[in-house]
Structure formats: C-alpha cells, structure tokens
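Content type mmCIF, C-alpha atoms, from the file model19.cif:
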```cif
data_my_file
loop_
_atom_site.label_atom_id
_atom_site.label_comp_id
_atom_site.auth_asym_id
_atom_site.auth_seq_id
_atom_site.Cartn_x
_atom_site.Cartn_y
_atom_site.Cartn_z
CA VAL A 1 -20.66 5.62 -15.31
CA ILE A 2 -22.43 2.25 -15.38
CA THR A 3 -24.41 2.11 -18.61
CA LYS A 4 -25.30 -1.56 -18.81
CA GLU A 5 -27.98 -3.44 -16.92
CA ILE A 6 -26.42 -5.81 -14.41
CA GLU A 7 -27.87 -8.98 -12.96
CA PHE A 8 -27.48 -8.73 -9.20
CA LEU A 9 -27.38 -11.78 -6.93
CA ALA A 10 -27.34 -11.76 -3.13
CA PRO A 11 -27.07 -15.30 -1.77
CA GLU A 12 -27.53 -15.83 1.98
CA SER A 13 -25.35 -18.87 2.54
CA VAL A 14 -21.90 -20.00 1.47
CA ALA A 15 -23.41 -23.12 -0.12
CA GLU A 16 -25.74 -20.97 -2.19
CA ALA A 17 -22.89 -18.70 -3.29
CA LEU A 18 -20.72 -21.68 -4.27
CA GLU A 19 -23.60 -23.18 -6.22
CA VAL A 20 -23.89 -19.96 -8.24
CA LEU A 21 -20.13 -19.98 -8.92
CA SER A 22 -20.08 -23.66 -9.87
CA VAL A 23 -22.71 -23.07 -12.55
CA ARG A 24 -21.92 -19.55 -13.75
CA GLY A 25 -18.47 -18.85 -12.32
CA PRO A 26 -16.78 -17.31 -15.37
CA ASP A 27 -19.65 -14.80 -15.80
CA VAL A 28 -19.89 -13.79 -12.15
CA THR A 29 -18.03 -10.91 -10.54
CA VAL A 30 -17.95 -11.25 -6.76
CA LEU A 31 -18.72 -8.12 -4.72
CA SER A 32 -17.61 -7.90 -1.11
CA GLY A 33 -17.01 -4.37 0.23
CA GLY A 34 -16.98 -2.96 -3.30
CA MET A 35 -14.26 -0.43 -2.45
CA SER A 36 -12.32 -1.28 -5.62
CA LEU A 37 -14.98 -2.93 -7.76
CA MET A 38 -17.48 -0.08 -7.64
CA PRO A 39 -14.99 2.66 -8.68
CA MET A 40 -13.72 0.35 -11.42
CA MET A 41 -17.28 -0.16 -12.65
CA ASN A 42 -17.93 3.57 -12.48
CA LEU A 43 -14.82 4.26 -14.54
CA GLY A 44 -15.80 1.58 -17.05
CA ILE A 45 -12.66 -0.45 -16.36
CA VAL A 46 -14.75 -3.53 -15.62
CA LYS A 47 -18.18 -4.22 -17.07
CA PRO A 48 -19.56 -7.28 -15.32
CA SER A 49 -22.81 -8.85 -16.53
CA VAL A 50 -23.50 -10.62 -13.22
CA VAL A 51 -22.55 -9.25 -9.80
CA MET A 52 -22.86 -11.50 -6.77
CA SER A 53 -22.77 -9.71 -3.42
CA LEU A 54 -21.44 -11.53 -0.36
CA ASN A 55 -22.89 -8.99 2.04
CA HIS A 56 -25.89 -11.17 2.95
CA VAL A 57 -23.95 -14.43 3.24
CA ALA A 58 -23.99 -15.66 6.84
CA GLY A 59 -20.82 -16.82 8.56
CA LEU A 60 -18.16 -15.25 6.35
CA ASP A 61 -16.99 -12.79 9.02
CA SER A 62 -16.08 -15.18 11.83
CA LEU A 63 -12.88 -14.88 13.85
CA SER A 64 -11.24 -17.67 15.82
CA VAL A 65 -7.95 -19.16 16.99
CA GLU A 66 -7.53 -22.91 16.60
CA ASP A 67 -4.41 -25.05 16.82
CA GLY A 68 -2.05 -22.09 16.63
CA GLU A 69 -3.85 -20.57 13.66
CA LEU A 70 -5.80 -17.35 13.50
CA LYS A 71 -8.77 -17.75 11.16
CA ILE A 72 -10.36 -14.63 9.71
CA GLY A 73 -13.49 -14.79 7.60
CA GLY A 74 -13.12 -13.16 4.18
CA MET A 75 -15.94 -10.69 4.80
CA THR A 76 -14.28 -9.25 7.90
CA ARG A 77 -14.13 -5.47 7.44
CA HIS A 78 -10.82 -3.60 7.69
CA ARG A 79 -12.20 -1.74 10.70
CA THR A 80 -12.61 -5.05 12.54
CA VAL A 81 -9.15 -6.26 11.48
CA MET A 82 -7.61 -3.11 12.98
CA THR A 83 -9.60 -3.11 16.23
CA ASP A 84 -10.29 -6.75 17.12
CA ASP A 85 -8.38 -7.98 20.20
CA LEU A 86 -7.87 -11.49 18.86
CA ILE A 87 -6.20 -10.18 15.71
CA GLY A 88 -4.27 -7.52 17.64
CA THR A 89 -2.85 -10.20 19.93
CA HIS A 90 -2.08 -12.95 17.44
CA ALA A 91 -1.40 -11.06 14.19
CA PRO A 92 -0.57 -7.49 15.26
CA MET A 93 0.97 -6.52 11.91
CA LEU A 94 -2.27 -7.44 10.17
CA ALA A 95 -4.03 -4.90 12.40
CA GLU A 96 -1.21 -2.47 11.69
CA ALA A 97 -1.74 -2.89 7.94
CA ALA A 98 -5.53 -2.56 8.26
CA ARG A 99 -5.08 0.82 9.97
CA THR A 100 -3.50 2.20 6.77
CA VAL A 101 -6.05 0.89 4.24
CA GLY A 102 -7.80 3.71 2.39
CA ASP A 103 -9.73 6.07 4.65
CA VAL A 104 -12.34 5.71 7.38
CA GLN A 105 -15.18 5.02 4.95
CA VAL A 106 -13.14 2.44 3.05
CA ARG A 107 -12.10 0.71 6.26
CA ASN A 108 -15.68 0.54 7.48
CA ARG A 109 -16.91 -1.06 4.29
CA GLY A 110 -13.96 -2.83 2.63
CA THR A 111 -13.09 -6.41 3.53
CA ILE A 112 -9.87 -8.35 3.97
CA GLY A 113 -11.02 -11.06 1.56
CA GLY A 114 -12.01 -8.51 -1.06
CA SER A 115 -8.66 -6.75 -0.87
CA ILE A 116 -6.77 -10.04 -1.17
CA ALA A 117 -8.85 -11.41 -4.05
CA HIS A 118 -8.53 -8.06 -5.87
CA ALA A 119 -4.72 -8.45 -5.54
CA ASP A 120 -3.59 -4.91 -6.16
CA PRO A 121 0.22 -5.19 -5.90
CA SER A 122 0.31 -2.17 -3.56
CA ALA A 123 -2.41 -3.45 -1.22
CA ASP A 124 -1.49 -3.26 2.46
CA TYR A 125 -2.26 -6.86 3.43
CA LEU A 126 -0.19 -8.59 0.76
CA PRO A 127 3.33 -8.34 2.21
CA VAL A 128 1.94 -9.02 5.69
CA LEU A 129 0.36 -12.28 4.53
CA ALA A 130 3.49 -13.31 2.67
CA ALA A 131 5.91 -12.51 5.50
CA GLY A 132 3.53 -14.02 8.09
CA ASN A 133 3.25 -17.32 6.22
CA ALA A 134 -0.52 -17.00 5.84
CA GLU A 135 -2.72 -19.28 3.79
CA LEU A 136 -5.85 -18.44 1.84
CA VAL A 137 -8.81 -20.79 1.87
CA LEU A 138 -10.54 -21.25 -1.48
CA ALA A 139 -13.90 -23.00 -1.36
CA SER A 140 -15.92 -24.48 -4.18
CA SER A 141 -18.86 -26.85 -4.41
CA GLU A 142 -16.26 -29.61 -4.75
CA GLY A 143 -14.43 -28.83 -1.51
CA THR A 144 -11.80 -26.45 -0.16
CA ARG A 145 -8.07 -25.95 -0.66
CA ARG A 146 -5.52 -23.89 1.22
CA VAL A 147 -2.99 -21.91 -0.77
CA PRO A 148 0.09 -20.30 0.84
CA ALA A 149 0.13 -16.52 0.33
CA ALA A 150 3.50 -16.83 -1.39
CA GLU A 151 1.82 -18.87 -4.16
CA PHE A 152 -1.58 -17.18 -4.20
CA PHE A 153 -0.66 -14.00 -6.07
CA ILE A 154 0.39 -14.69 -9.64
CA ASP A 155 0.41 -11.36 -11.41
CA LEU A 156 -1.02 -7.85 -11.35
CA MET A 157 -4.57 -8.31 -9.95
CA PHE A 158 -4.41 -12.00 -10.80
CA THR A 159 -4.51 -14.88 -8.32
CA VAL A 160 -4.77 -18.67 -8.41
CA ARG A 161 -8.48 -18.44 -7.58
CA GLU A 162 -10.53 -20.28 -10.20
CA PRO A 163 -13.84 -18.76 -11.39
CA HIS A 164 -15.83 -21.41 -9.49
CA GLU A 165 -13.96 -20.72 -6.23
CA LEU A 166 -14.61 -18.28 -3.42
CA LEU A 167 -12.01 -16.87 -1.04
CA THR A 168 -13.70 -17.64 2.28
CA GLU A 169 -10.99 -17.40 4.92
CA VAL A 170 -7.55 -16.08 5.76
CA VAL A 171 -5.47 -18.38 7.95
CA MET A 172 -2.49 -16.85 9.71
CA PRO A 173 -0.15 -18.72 12.06
CA VAL A 174 -0.29 -16.92 15.40
CA LEU A 175 2.77 -14.80 16.17
CA GLU A 176 5.04 -16.91 18.37
CA PRO A 177 5.71 -15.61 21.90
CA GLY A 178 8.97 -13.69 21.83
CA ALA A 179 8.73 -12.99 18.09
CA GLY A 180 8.43 -9.49 16.66
CA SER A 181 6.67 -8.22 13.56
CA GLY A 182 6.08 -4.93 11.82
CA TYR A 183 4.52 -3.33 8.76
CA VAL A 184 5.61 -0.08 7.11
CA ARG A 185 4.42 1.74 4.03
CA PHE A 186 5.40 4.71 1.90
CA ALA A 187 2.63 6.73 0.27
CA ARG A 188 2.25 10.33 -0.85
CA VAL A 189 -0.92 11.25 1.01
CA GLU A 190 -3.08 9.63 3.65
CA GLY A 191 -5.47 7.21 1.98
CA SER A 192 -3.51 6.65 -1.20
CA PHE A 193 -2.07 3.33 -2.27
CA ALA A 194 1.45 2.59 -1.09
CA ILE A 195 4.33 3.24 -3.49
CA VAL A 196 6.29 0.65 -1.55
CA ASN A 197 5.34 -1.36 1.53
CA ALA A 198 7.11 -3.99 3.59
CA ALA A 199 6.43 -6.46 6.39
CA ALA A 200 8.93 -8.28 8.58
CA VAL A 201 8.65 -11.15 11.05
CA ILE A 202 11.59 -11.94 13.33
CA GLY A 203 11.61 -15.09 15.42
CA GLU A 204 12.57 -15.08 19.10
CA GLY A 205 16.28 -14.38 19.50
CA TYR A 206 16.62 -13.73 15.76
CA SER A 207 16.00 -17.42 15.03
CA SER A 208 14.60 -16.33 11.66
CA THR A 209 13.91 -13.13 9.72
CA HIS A 210 11.35 -13.08 6.92
CA ILE A 211 10.51 -10.01 4.90
CA ALA A 212 8.00 -9.38 2.14
CA LEU A 213 7.82 -6.35 -0.11
CA GLY A 214 4.84 -4.91 -1.95
CA GLY A 215 4.51 -2.38 -4.75
CA VAL A 216 7.74 -3.40 -6.43
CA SER A 217 6.51 -6.39 -8.39
CA PRO A 218 3.20 -7.77 -9.74
CA ALA A 219 3.13 -10.11 -6.70
CA PRO A 220 4.69 -9.75 -3.23
CA VAL A 221 8.45 -10.32 -3.14
CA MET A 222 9.73 -12.60 -0.38
CA LEU A 223 13.15 -12.26 1.22
CA ASP A 224 14.63 -14.73 3.67
CA ALA A 225 17.18 -12.74 5.64
CA SER A 226 17.59 -15.22 8.49
CA ASP A 227 21.29 -15.58 7.70
CA LEU A 228 21.88 -11.81 7.88
CA PHE A 229 20.47 -11.23 11.34
CA ALA A 230 21.41 -14.42 13.17
CA ASP A 231 23.54 -12.29 15.53
CA GLY A 232 21.03 -9.43 15.74
CA LEU A 233 20.89 -6.12 13.93
CA SER A 234 24.03 -4.54 12.56
CA ASP A 235 24.63 -1.74 10.10
CA GLU A 236 26.35 -4.16 7.72
CA ALA A 237 23.45 -6.61 7.80
CA LEU A 238 20.91 -3.83 7.21
CA GLU A 239 22.99 -2.52 4.30
CA GLU A 240 23.11 -6.00 2.82
CA LEU A 241 19.34 -6.37 3.31
CA ALA A 242 18.73 -3.11 1.41
CA SER A 243 20.92 -4.37 -1.39
CA ARG A 244 19.04 -7.69 -1.53
CA ALA A 245 15.71 -5.88 -1.55
CA PHE A 246 16.90 -3.77 -4.47
CA ASP A 247 18.03 -6.87 -6.38
CA ALA A 248 14.79 -8.72 -5.64
CA SER A 249 12.71 -5.81 -6.98
CA GLU A 250 13.92 -6.05 -10.55
CA GLU A 251 10.35 -6.29 -11.84
CA ALA A 252 9.45 -2.88 -10.39
CA THR A 253 7.78 -0.55 -12.85
CA GLY A 254 7.44 3.21 -12.90
CA ASP A 255 4.23 5.17 -12.71
CA ILE A 256 3.19 8.79 -12.31
CA HIS A 257 4.33 8.80 -8.67
CA SER A 258 7.79 7.33 -9.01
CA ASP A 259 10.15 5.76 -11.51
CA ALA A 260 11.21 2.12 -11.25
CA ASP A 261 14.71 2.91 -10.00
CA TYR A 262 13.38 5.03 -7.14
CA ARG A 263 10.90 2.31 -6.22
CA ARG A 264 13.71 -0.29 -6.06
CA ASN A 265 15.80 1.94 -3.82
CA MET A 266 12.83 2.60 -1.56
CA ALA A 267 12.28 -1.18 -1.38
CA GLY A 268 15.69 -1.29 0.30
CA VAL A 269 14.87 1.57 2.66
CA PHE A 270 11.51 0.13 3.70
CA ALA A 271 12.82 -3.44 4.06
CA ARG A 272 15.29 -2.00 6.58
CA ARG A 273 12.60 -0.04 8.39
CA ALA A 274 10.32 -3.08 8.62
CA VAL A 275 13.14 -5.14 10.14
CA GLU A 276 14.08 -2.37 12.56
CA LEU A 277 10.45 -2.01 13.62
CA ALA A 278 10.02 -5.77 14.14
CA ALA A 279 13.34 -5.99 15.98
CA GLY A 280 12.29 -3.21 18.34
CA ARG A 281 9.29 -5.29 19.34
CA LEU A 282 11.24 -8.49 20.01
CA ALA A 283 12.00 -7.64 23.61
CA THR A 284 8.46 -6.78 24.59
CA ALA A 285 6.58 -9.29 22.41
CA GLY A 286 7.09 -12.08 24.96
CA GLY A 287 5.96 -9.93 27.86
CA GLY A 288 2.27 -10.48 27.14
CA SER A 289 1.79 -6.98 25.82
CA MET B 1 5.05 19.00 -4.08
CA TYR B 2 1.86 17.02 -4.60
CA GLU B 3 -0.41 18.32 -7.32
CA GLN B 4 0.49 17.67 -10.91
CA LEU B 5 -1.34 17.26 -14.20
CA VAL B 6 0.32 14.31 -15.90
CA TYR B 7 -0.42 13.55 -19.55
CA ASP B 8 0.62 10.51 -21.56
CA SER B 9 2.09 10.73 -25.06
CA SER B 10 -1.35 10.78 -26.66
CA GLY B 11 -2.54 13.67 -24.52
CA GLN B 12 -4.62 11.59 -22.14
CA LEU B 13 -4.79 13.07 -18.63
CA LEU B 14 -3.44 10.46 -16.20
CA THR B 15 -4.26 12.32 -12.99
CA ALA B 16 -7.97 12.66 -13.61
CA THR B 17 -9.23 11.41 -10.25
CA LEU B 18 -8.30 12.24 -6.67
CA MET B 19 -6.78 8.76 -6.41
CA ASP B 20 -3.95 9.83 -8.73
CA TYR B 21 -4.03 13.60 -8.31
CA THR B 22 -2.63 13.85 -4.82
CA ILE B 23 -3.80 16.74 -2.66
CA PRO B 24 -2.19 17.29 0.72
CA THR B 25 -4.63 17.47 3.60
CA ALA B 26 -4.21 18.43 7.25
CA VAL B 27 -2.62 15.00 7.82
CA GLU B 28 0.27 15.76 5.48
CA LEU B 29 1.04 19.22 6.83
CA PRO B 30 3.71 19.78 9.45
CA LYS B 31 2.79 21.80 12.52
CA PHE B 32 3.63 25.42 11.91
CA GLU B 33 3.29 28.81 13.52
CA ILE B 34 2.12 31.82 11.57
CA GLU B 35 3.90 35.12 11.91
CA HIS B 36 3.11 38.37 10.18
CA GLN B 37 5.59 40.63 8.49
CA GLU B 38 3.87 43.75 7.28
CA THR B 39 5.27 45.79 4.40
CA PRO B 40 2.50 48.15 3.30
CA SER B 41 2.55 49.11 -0.37
CA PRO B 42 3.44 52.79 -0.89
CA PHE B 43 1.36 52.87 -4.08
CA THR B 44 -2.15 51.99 -2.93
CA PRO B 45 -4.70 53.37 -0.52
CA LEU B 46 -4.23 51.83 2.96
CA GLY B 47 -1.05 50.08 1.71
CA MET B 48 -3.12 47.24 0.24
CA LYS B 49 -1.65 44.39 -1.80
CA GLY B 50 -3.06 41.41 -3.65
CA VAL B 51 -3.52 38.18 -1.75
CA GLY B 52 -3.77 34.53 -2.75
CA GLU B 53 -1.93 33.90 -6.02
CA SER B 54 0.60 36.66 -5.47
CA GLY B 55 2.10 34.82 -2.51
CA VAL B 56 2.55 31.49 -4.27
CA GLY B 57 5.48 32.38 -6.51
CA ALA B 58 7.81 33.19 -3.65
CA SER B 59 7.01 30.01 -1.74
CA LEU B 60 7.78 27.83 -4.76
CA GLY B 61 11.15 29.50 -5.18
CA ALA B 62 11.81 29.18 -1.47
CA LEU B 63 11.16 25.42 -1.64
CA CYS B 64 13.62 24.98 -4.53
CA ASN B 65 16.23 27.07 -2.71
CA ALA B 66 15.73 25.11 0.50
CA ILE B 67 16.63 21.88 -1.28
CA GLU B 68 19.66 23.52 -2.90
CA ASP B 69 20.78 24.82 0.51
CA ALA B 70 20.33 21.40 2.12
CA PHE B 71 23.11 20.02 -0.09
CA PRO B 72 25.88 22.65 -0.05
CA GLU B 73 28.37 20.05 -1.34
CA LEU B 74 26.36 19.60 -4.54
CA ASP B 75 26.00 22.20 -7.24
CA LEU B 76 22.22 22.00 -7.43
CA GLU B 77 20.16 24.32 -9.55
CA ILE B 78 16.49 23.45 -9.20
CA ASP B 79 14.37 25.51 -11.54
CA GLU B 80 11.51 23.16 -12.23
CA LEU B 81 8.61 21.78 -10.21
CA ILE B 82 7.17 19.26 -9.15
CA LEU B 83 9.19 18.33 -6.06
CA THR B 84 7.97 14.81 -5.37
CA PRO B 85 10.23 12.59 -3.23
CA ALA B 86 11.06 10.59 -6.36
CA ARG B 87 12.13 13.68 -8.29
CA VAL B 88 14.13 15.20 -5.43
CA TRP B 89 15.88 11.85 -4.99
CA ARG B 90 16.69 11.78 -8.71
CA ILE B 91 18.02 15.35 -8.68
CA ILE B 92 20.34 14.57 -5.76
CA LYS B 93 21.42 11.23 -7.25
CA ASP B 94 22.26 12.81 -10.61
CA ALA B 95 24.20 15.65 -8.98
CA GLN B 96 26.16 13.19 -6.85
CA GLU B 97 27.08 11.17 -9.91
CA LYS B 98 28.07 14.29 -11.77
CA ALA B 99 30.30 15.28 -8.85
CA GLY B 100 31.83 11.81 -8.85
CA MET B 101 30.54 11.02 -5.38
CA SER B 102 29.52 7.51 -4.42
CA THR B 103 26.13 7.15 -2.70
#
```
Give the structure from this file in structure tokens form.
Amino acid sequence: VITKEIEFLAPESVAEALEVLSVRGPDVTVLSGGMSLMPMMNLGIVKPSVVMSLNHVAGLDSLSVEDGELKIGGMTRHRTVMTDDLIGTHAPMLAEAARTVGDVQVRNRGTIGGSIAHADPSADYLPVLAAGNAELVLASSEGTRRVPAAEFFIDLMFTVREPHELLTEVVMPVLEPGAGSGYVRFARVEGSFAIVNAAAVIGEGYSSTHIALGGVSPAPVMLDASDLFADGLSDEALEELASRAFDASEEATGDIHSDADYRRNMAGVFARRAVELAAGRLATAGGGS
Amino acid sequence: MYEQLVYDSSGQLLTATLMDYTIPTAVELPKFEIEHQETPSPFTPLGMKGVGESGVGASLGALCNAIEDAFPELDLEIDELILTPARVWRIIKDAQEKAGMST
C-alpha cells in the first residue's frame, strides 16, 4: 500500500526529462511501464518521493535500422518488440524473449528500457542483449554515452546508469545473414520470472559462438564457446559447454524455487539448449526467412 | 508440484503473493482424457461418496510412486511433497550418489 504523498512529474520531451534528472536526479524514480515499480511501491519495497513518468515523452519509442544497427527506443512496449517486423528480422531472439515476458497485460504495458534499467537478474532481455553484443544508450543533459550490455549490469538490480542519466535507446547489431540465434528459459509457470535463461548467437558456419546466461548471477554471465563449436555441434562440445556454464555460474544463489546447485546444473542444460536452438536456425537464417 | 507455503526462520511467509506462490494454469497442464471408473459405496444411499478433498490423497501418492517407478535402478522412497523440479532432481542425485553411480 502506498501511504506517502508522491510528487508526480510527466515531462513531454526528452530534453525536459533530462533537465529534471540533471537537477533532481538522486531524488527521482523513473517510471516507464511500471510493471515492476508499481508492485514494488505497493509492497512498500520502494518509497520514492518523486516519480517521473516517461509515458508522455515524445520520440522514445522509435524503431530504425542504421549502419547495421537496430535501434529501439527505451519506451518500446514488449508487445511491439515481439510483433514488430524490423525487430523480428534483425534481432529475432529479442522478439523471442519479449514473447515470454510476464503475461499479456505486462507485455502491453511494460517497456524494454524499463526492464533493462530495472535489471532483475532473471529478466528475459538480459542474456539476449549480452549474447547479441547490444549497447545501451544513456543520455543526460551533458550528452550521451553508449555502454556495452556486458558492462551495463553491475549487480542485482544495479546498473552503471547515473542518477542524472536516462536509458533512451537499445542498440543491437543486426543479426548477420547466415547466423543463427536463440533464446530459452526455464520457469515454473507461465508468466513467472525465469529460474534460468540463456541466449546464444552462432556466426555463419560456426565462425563464432557466444552465449549468455541469466538467473545464475547478479549480472548476465557471458561465455565465449567459439573454440568448442568451430567444427559444428558434437556431444563432446555440448558436454564441455554445460561444464563451462556450471563453472561460470559460481555466484548462483538459492531461493524458494531452487537451490544454487540445481540452478548451476540447469545453467548447463539451458546453455546447451540455447546453442542447439541457434544451431538449428543456421541453415535457414541466410535464406531470407 | 507447484503450491507451497514457504516460511523463513523467523516465521515470515515467503510465498505471500502469486508471483512466488506458483499456481498451475491451463498452460501448465498436459492434455488429458477423462475416464470414469465407478465403484459405488455399499454403505450409503445411491452408492454416494465424498468428492473433492477425498480424491486428492490418492493422486499425491500416485505422483510419488510414479517418480519411484521411473527410476527402477534407484532405491527411491519418496514420502514427502513438494515435487518441484529442483527437489526431484535433488532426490535422484542423492540416490545416485548413495548407489555409487556417476551422473
């Protein structure tokens, strides 16, 4: 229950929003879709004094492809991420991840930027961004900077975003022709957060294999398995991948759904499944599908 | 398999919301066919029996037995719920170690 009076701001331009953050940043909690913030406020987990909504800011939900990069505005709703043709063509695993976020209501309202800035270690987008070499654009009244996804997430719900900065855009290199990608998740029921999730990107002809794991560490865990799959998939290579995923998940913690050891073992299972899924799409990815 | 009241050491309920207290919905259920096996009670008018709760006990036991039967090589004795994937995995893992089997 929200018991305290909250100052509510609804700027209509990015410049206006950045001005607010530059002056009052540390006191301001940014609201996008509100799919995590509102329940947290209701439960009394966060008690912001100033809430700034981005829902009236123009131009934060644009989508474009420029110079081999897919640019997605931070206020783009999950529903758009999962259905938009541009995203489906150039970053299909992002669409795949969006399909599994929350439930229909959450996907209609929640945003990609909000989910990323919230940085729940089990969030669906995080391993996809890490494996896909995405960058996050942070804007402030002083300018903008681009941070690789692998460096953006520092700890549990903690990112490199400074209080005076706003996450305005997600930049994802377009999936190369002939490459394959895939996202898999393990959760108890539809709509619940993943216990473990994994994304894999395999370059044409197994030129490279990058995997990222979520849910097993405060920030996404990256695995470069290019050496393992240079000659394609084999049982030995997949076994070795599972073993590496287990080793890389040493920071996994237990919760009411699973203990840490189980989580680490599932990291191995789902790393394998992500690679197998991406590999299965290698052949057709170049066919303009 | 899903629903569980989890308390921490100070008695605080950890599964207080539907985010943590998992309830299976139609999405989680496998497709199944329903068949009837009728065994009228000899003790009541019309052969009536209780419904609802009275059927639950047998299904829980059947679930435990099904897991035991799935691993004939292991000497499993499952007499406690909840059967989450994590717990079933742990039960099998422990039994394999006890039997000296590598995984």
task = Figure out the distance between CA of Ala117 (chain A) and CA of Arg161 (chain A), please, to one decimal in Å.
result =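 Interatomic distance here is 7.9 Å.
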Step by step, gather every atom of region 31-50 of chain A that the file lists, find the box along x, y and z that holds them, add 5 Å on each side, and finally give centre and edge lengths in Å to one decimal, as AutoDock Vina command-line options.
```
--center_x -17.9 --center_y -3.2 --center_z -8.4 --size_x 21.2 --size_y 24.9 --size_z 27.3
```
key: Residues within 9 Å of Ala279 (chain A), all atoms listed in the file, excluding chain neighbours under 5 positions, as a list in words   =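 Final neighbour list, sorted by chain and number: Ala179, Gly180, Ser181, Gly182, Ala200, Val201, Ile202, Tyr206, Gly232, Leu233 and Ala274 of chain A.
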key: Between CA of Asp155 (chain A) and CA of Ala199 (chain A), distance in Å (one decimal)   =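 Separating CA of Asp155 (chain A) from CA of Ala199 (chain A) is a distance of 19.4 Å.
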request  = Determine which residues of chain B sit within 12 Å of chain A, taking into account only C-alpha atoms, and present them as a PyMOL selection string.
outcome  = chain B and resi 1-8+13-29+82-93+103
query = What does the PyMOL selection byres ((chain A and resi 46-63) around 6) select in this file, as a count of residues only?
reply = 24
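Checking A:Met35, A:Thr159, A:Val216, A:Glu135 one by one against Val104 (chain A), counting only C-alpha atoms, you find the shortest gap at A:Met35.
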ask   = If you measure from CA of Arg146 (chain A) to CA of Gly33 (chain A), what distance in Å do you get, rounded to one decimal?
value =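 These atoms are spaced 22.7 Å apart.
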task = Using all atoms listed in the file, determine which residues lie at most 12 Å from Ala242 (chain A), disregarding the query and same-chain residues fewer than 5 positions distant; provide the list as JSON, numbers by chain.
result = {"A": [198, 211, 213, 223, 225, 228, 235, 236, 237, 247, 248, 249, 264, 265, 266, 267, 268, 269, 270, 271, 272, 273, 274, 275]}
